[in-house]
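S.K.: Sharing a structure with you now.
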Amino acid sequence: MRGWILLALIGAGIYYMATETTKLDKPIAQALGFFNKAENKLDSMTGTKIIKVNKNALQVKAAIAERLSGTELKEFEQIMVSAGDIEDFKAEYCHHDARHPVFSKDNLRFMCDKL
């Protein structure tokens, strides 16, 4: 009986920490990011997907690519692997004070505006 009460108290504590405080926000975000990356890799390894060709997306990609240097272009190709990777890039680098180790400030801003 004591085991169930202890388990209930621990569960209530975790629930409170997750819903009423910000102490678990970062670990939860890291865990969700890990699972999203794993899911994307698993999807890419297990089969093919039907990809709708969006001509606008191809034009945007070409417009961005013609501005970039060689090293920036290689980095850009790694970002453009999947929609999830693009969203991760935008979340991390498309805000006001963002800096990227490879892209120049102007090219980063241009990419964020176009993506």
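Ordered as shown in the structure tokens, chains take letters A, B, and onward, while each chain numbers its residues from 1 and ligands are numbered from 1 in the order shown.
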Please provide as a PyMOL selection string all residues within 10 Å of Cys94 (chain A), with the sequence filter that same-chain residues fewer than 2 positions apart are discarded (counting only C-alpha atoms).
M.R.: chain A and resi 87-92+96-100+108-113+115
S.K.: Could you please write out, as a ChimeraX atom specification, every residue of chain A that DSSP assigns to helix (DSSP H, G or I)?
M.R.: /A:2-20,25-46,55-65,70-79,83-93,105-114
S.K.: So, with only C-alpha atoms as the atoms that count, which of A:Ala29, A:Lys114, A:Val102, A:Leu7 lies closest to Ser69 (chain A)?
M.R.: A:Val102
